[in-house]
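J.: Have a look at this one before I ask anything.
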Amino acid sequence: MRYSKLFGKTLRTAPKEAESASHKLLARGGFIDQLAAGIYTFLPLGWRVHNKIAGIIREEMDHLGGQEFSMPVLAPKALWQETGRWETIDPPLFVTRDRHDKEYALGPTHEEVVTDLARRFVKSYKDLPFAAYQIQDKFRNELRATGGLLRTREFFMKDLYSFHTDEKDFQEYFKKAIEAYSKIFDRLGLKILVSQASGGSIGGDTTYEFQVPAAVGEDIVFFCKACGFAINRQFADEKAVKDKCPECKSRLDQTNAIEAGQVFSLGTKYSKALGATFVDKDGKEKPIVMGCYGIGIGRLMATIVEVSHDEKGIVWPETIAPFDIHLVSIGNDGQVNQKADEIYERLLKKDKEVLFDDREESPGVKLADADLIGIPQRFVVSEKTLAEDSVEVKKRSEKNVKLTKISDLS
RNA sequence: CGGAGUGUAGUUCAUUGGUAGAACGCUCGGUUCGGGACCGAGAAGUAGUGGGUUCGAUUCCCACCACUCCGACCA
């Protein structure tokens with residue numbers, strides 16, 4: 001991609017409504033644009049990152065045996081009334097109506113819709129277990145949106161739902177799901193605390209949150225350095241966990257954290273409410289045992305920026321950076337530009353994802369923008385480097401630079 | 001929803017009871033080219049919306065709207 005053609009330029013000053021580091025940097029870098037409170041456009045740069053994160057999640061969900069669906073955003077009121085959540089879910093539903101005045105919920109989560117599918121498709125234990133997931137736009141009528149992408153009212157979420165004949169089968173899957181989640185965060189370069197928590201209005205007795213320690217985090221998590229135990233403070237209060245680890249009796253530390261994902265044991269809450277049953281081997285009709293597993297992708301993107309930036313800009317992990325290489329030409333010399341162009345084409349042929357800053361801007365502007373955007377590798381082409389038949393290679397995460405022969409570029 | 005704050009150029013802000021100005025950005029010309037260069041010229045505004053006070057309101061008052069923060073709440 002030629003930067004001169006990319007929609008969404010960098011901003012020298014952050015919009016005044018931006019408070020958190022991730023909001024400021026994502027807005028300044030041209031990744032996102034705010035339309036209304038808690039409602040954002042992902043500009044091309046931001047959408048590339050979004051899709052890379054979604055790609056990693058999709059791979060791990062597929063490994064977990066998930067099948068990808070695309071369920072509707074609009075769901076009829078009657079379905080939501082069957083579980084009672086039309087009135088009770090918190091935050092309340094965004095509701096809209098059609099021209100016949102029939103009401104619909106804009107889906108904040110999809111237990112109702114997916115369980116409805118299960119009750120109509122699943123007949124026998126032979127149809128179980130299965131897992132359905134989607135990566136889809138969600139709507140939550142939050143009292144207040146905060147921190148840019150950290151809490152929005154419309155956001156893409158990966159939601160996975162698993163369906164089992166019994167609790168034992170569920171538990172085995174639940175463990176694997178937690179491992180898959182841990183792998184996702186690992187691939188995103190995030191250190192996480194897997195914290196016990198309460199189920200909120202989604203429900204279930206055993207839930208775990210995947211908490212990323214960060215100063216801007218709204219949650220407070222108690223954690224044990226010795227054994228890895230962690231628990232959300234709200235839940236710790238319920239369980240009367242004080243300052244000692246209930247597992248190993250070590251002293252608990254605490255940290256602010258961003259909840260980047262959560263997994264729930266749903267039991268038969270939704271299958272009973274909606275009549276999603278199957279006939280077991282013993283010939284008896286039983287409710288399906290369920291779990292659900294969510295990750296907000298935009299929040300995850302902001303979380304990564306919160307924990308991976310410096311005073312100059314974002315430092316994207318290689319796995320999700322919008323491009324692999326930020327190619328910068330320095331100097332207005334026609335030869336330099338021509339050579340940079342050749343290197344750009346050459347890198348593209350090698351299947352590299354390259355952002356080529358081909359603008360007629362001063363070196364300072366280009367280098368500052370490269371730091372702000374945060375692509376893992378920066379290639380600088382200038383008269384100096386061309387004298388050595390080289391480009392200057394620098395990692396965004398490191399200070400040192402080195403010259404690499406153009407013929408050796410991979 | 002309770003409390004507080006802010007709405008003026010694309011952005012960040014200044015200013016004034018007599019209908020506006022800077023910086024950055026943008027356009028054009030020229031110089032420059034390794035850390036947000038410089039010179040010159042230029043475009044850009046219904047001062048959030050509505051009402052009130054006033055000879056006159058962007059400025060004062062009221063209402064509404066929007067955004068932000070704190071609180072409560074929480075996927």
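Chain identifiers are assigned as A, B, and so on, following the order in which chains appear in the structure tokens; residues are numbered from 1 within each chain, and ligands are numbered from 1 in order of appearance.
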For Glu318 in chain A, find every residue with an atom within 10 Å (counting only C-alpha atoms (C1' of nucleotides)), except residues of its own chain fewer than 3 positions away, and show them as a PDB file with N, CA and C atoms, in the first residue's frame.
T.:
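Output saved as selection38.pdb:
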```pdb
ATOM      1  N   ARG A 187      -0.342 -15.487  21.479  1.00  0.00           N
ATOM      2  CA  ARG A 187       0.010 -15.119  20.105  1.00  0.00           C
ATOM      3  C   ARG A 187      -0.099 -13.610  19.883  1.00  0.00           C
ATOM      4  N   LEU A 188      -0.922 -12.962  20.702  1.00  0.00           N
ATOM      5  CA  LEU A 188      -1.080 -11.511  20.587  1.00  0.00           C
ATOM      6  C   LEU A 188      -0.059 -10.774  21.445  1.00  0.00           C
ATOM      7  N   GLY A 189       0.800 -11.539  22.100  1.00  0.00           N
ATOM      8  CA  GLY A 189       1.834 -10.919  22.918  1.00  0.00           C
ATOM      9  C   GLY A 189       1.328 -10.376  24.244  1.00  0.00           C
ATOM     10  N   VAL A 315       3.574   0.182  19.256  1.00  0.00           N
ATOM     11  CA  VAL A 315       4.547  -0.854  18.903  1.00  0.00           C
ATOM     12  C   VAL A 315       3.749  -2.147  18.694  1.00  0.00           C
ATOM     13  N   ALA A 321       0.268  -6.662  13.292  1.00  0.00           N
ATOM     14  CA  ALA A 321       0.565  -5.342  12.737  1.00  0.00           C
ATOM     15  C   ALA A 321      -0.174  -5.178  11.410  1.00  0.00           C
ATOM     16  N   PRO A 322      -0.571  -3.944  11.082  1.00  0.00           N
ATOM     17  CA  PRO A 322      -1.314  -3.745   9.831  1.00  0.00           C
ATOM     18  C   PRO A 322      -0.487  -4.095   8.600  1.00  0.00           C
ATOM     19  N   PHE A 323       0.826  -3.911   8.698  1.00  0.00           N
ATOM     20  CA  PHE A 323       1.746  -4.299   7.631  1.00  0.00           C
ATOM     21  C   PHE A 323       2.996  -4.891   8.279  1.00  0.00           C
ATOM     22  N   ASP A 324       3.781  -5.619   7.484  1.00  0.00           N
ATOM     23  CA  ASP A 324       5.040  -6.179   7.993  1.00  0.00           C
ATOM     24  C   ASP A 324       6.134  -5.120   8.011  1.00  0.00           C
ATOM     25  N   ILE A 325       6.139  -4.318   6.946  1.00  0.00           N
ATOM     26  CA  ILE A 325       7.271  -3.425   6.712  1.00  0.00           C
ATOM     27  C   ILE A 325       6.763  -2.026   6.388  1.00  0.00           C
ATOM     28  N   ILE A 375       4.492  -0.056  12.788  1.00  0.00           N
ATOM     29  CA  ILE A 375       4.744  -1.288  12.043  1.00  0.00           C
ATOM     30  C   ILE A 375       6.089  -1.879  12.505  1.00  0.00           C
ATOM     31  N   PRO A 376       6.173  -3.209  12.662  1.00  0.00           N
ATOM     32  CA  PRO A 376       7.333  -3.829  13.319  1.00  0.00           C
ATOM     33  C   PRO A 376       8.682  -3.521  12.685  1.00  0.00           C
ATOM     34  N   GLN A 377       8.750  -3.450  11.354  1.00  0.00           N
ATOM     35  CA  GLN A 377      10.046  -3.191  10.726  1.00  0.00           C
ATOM     36  C   GLN A 377       9.984  -1.941   9.867  1.00  0.00           C
TER      37      GLN A 377
END
```
J.: With 10 Å as the limit and counting only C-alpha atoms (C1' of nucleotides), what residues in chain B lie close to chain A? Please list them as an mmCIF file with C-alpha atoms (C1' of nucleotides), in the first residue's frame.
T.:
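What follows is the written file out_17.cif:
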```
data_model
loop_
_atom_site.group_PDB
_atom_site.id
_atom_site.type_symbol
_atom_site.label_atom_id
_atom_site.label_comp_id
_atom_site.auth_asym_id
_atom_site.auth_seq_id
_atom_site.Cartn_x
_atom_site.Cartn_y
_atom_site.Cartn_z
ATOM 1 C "C1'" C B 1 -29.697 8.310 35.788
ATOM 2 C "C1'" U B 6 -16.814 21.663 27.077
ATOM 3 C "C1'" U B 11 -7.728 19.721 14.204
ATOM 4 C "C1'" U B 12 -6.077 22.044 18.871
ATOM 5 C "C1'" C B 24 -1.025 22.960 12.885
ATOM 6 C "C1'" G B 25 -3.359 20.838 8.617
ATOM 7 C "C1'" U B 32 15.188 22.308 1.522
ATOM 8 C "C1'" C B 33 15.791 16.881 2.483
ATOM 9 C "C1'" G B 34 18.203 11.518 8.243
ATOM 10 C "C1'" G B 35 13.856 13.145 13.364
ATOM 11 C "C1'" G B 36 7.403 16.707 12.910
ATOM 12 C "C1'" A B 37 12.365 22.306 7.625
ATOM 13 C "C1'" A B 66 -23.808 16.712 21.291
ATOM 14 C "C1'" C B 67 -19.180 15.214 23.352
ATOM 15 C "C1'" U B 68 -15.965 14.303 27.719
ATOM 16 C "C1'" C B 69 -14.904 13.255 32.840
ATOM 17 C "C1'" A B 72 -23.544 4.229 39.772
ATOM 18 C "C1'" C B 73 -23.638 -0.082 36.371
ATOM 19 C "C1'" C B 74 -21.184 -3.738 33.398
ATOM 20 C "C1'" A B 75 -20.377 -7.150 28.908
#
```
J.: Assign secondary structure with DSSP using the backbone only, and return the residues of range 133-164 of chain A in strand (DSSP E) as a count of residues only.
T.: 18
J.: Find the residues around Gly374 in chain A up to 8 Å (only C-alpha atoms (C1' of nucleotides) counted), leave out those fewer than 3 positions away in its own chain, and share them as a PDB file with N, CA and C atoms, in the first residue's frame.
T.:
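Everything below was put into part34.pdb:
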```pdb
ATOM      1  N   GLY A 313       4.697   6.373  19.859  1.00  0.00           N
ATOM      2  CA  GLY A 313       3.572   5.739  19.176  1.00  0.00           C
ATOM      3  C   GLY A 313       3.384   4.287  19.553  1.00  0.00           C
ATOM      4  N   ILE A 314       2.670   3.605  18.681  1.00  0.00           N
ATOM      5  CA  ILE A 314       2.300   2.213  18.919  1.00  0.00           C
ATOM      6  C   ILE A 314       3.474   1.303  18.564  1.00  0.00           C
ATOM      7  N   VAL A 315       3.574   0.182  19.256  1.00  0.00           N
ATOM      8  CA  VAL A 315       4.547  -0.854  18.903  1.00  0.00           C
ATOM      9  C   VAL A 315       3.749  -2.147  18.694  1.00  0.00           C
ATOM     10  N   TRP A 316       3.301  -2.377  17.463  1.00  0.00           N
ATOM     11  CA  TRP A 316       2.456  -3.551  17.217  1.00  0.00           C
ATOM     12  C   TRP A 316       3.263  -4.838  17.296  1.00  0.00           C
ATOM     13  N   ALA A 321       0.268  -6.662  13.292  1.00  0.00           N
ATOM     14  CA  ALA A 321       0.565  -5.342  12.737  1.00  0.00           C
ATOM     15  C   ALA A 321      -0.174  -5.178  11.410  1.00  0.00           C
ATOM     16  N   ALA A 370       6.089   6.944  11.019  1.00  0.00           N
ATOM     17  CA  ALA A 370       6.409   5.513  11.096  1.00  0.00           C
ATOM     18  C   ALA A 370       6.399   5.051  12.550  1.00  0.00           C
ATOM     19  N   ASP A 371       6.962   5.865  13.426  1.00  0.00           N
ATOM     20  CA  ASP A 371       6.951   5.511  14.848  1.00  0.00           C
ATOM     21  C   ASP A 371       5.526   5.475  15.392  1.00  0.00           C
ATOM     22  N   ARG A 396      10.790  -1.614  15.193  1.00  0.00           N
ATOM     23  CA  ARG A 396      10.092  -0.594  15.970  1.00  0.00           C
ATOM     24  C   ARG A 396      10.362  -0.766  17.461  1.00  0.00           C
TER      25      ARG A 396
END
```
J.: Hey, what does DSSP flag as alpha helix (DSSP H) within range 205-265 of chain A? Can you give it to me as a PyMOL selection string?
T.: chain A and resi 233-239
J.: Would you mind reading off the distance between CA of Asp137 in chain A and CA of Gly107 in chain A, one decimal, in Å?
T.: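 We find that CA of Asp137 in chain A and CA of Gly107 in chain A lie 8.2 Å from each other.
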J.: Report, in Å to a single decimal, how far apart CA of Val381 in chain A and CA of Ala340 in chain A are.
T.: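 Rounded to one decimal, the two atoms are 6.1 Å apart.
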J.: Got a sec: who's within 7 Å of range 38-54 of chain A, counting only C-alpha atoms (C1' of nucleotides), leaving out chain neighbours fewer than 5 positions off, as JSON, numbers by chain?
T.: {"A": [7, 8, 30, 31, 32, 33, 145, 148, 151, 152, 153, 154, 297, 298, 320, 321, 322]}
J.: CA of Met71 in chain A and CA of Gln134 in chain A, how far apart in Å?
T.: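 Those two atoms sit 7.4 Å apart.
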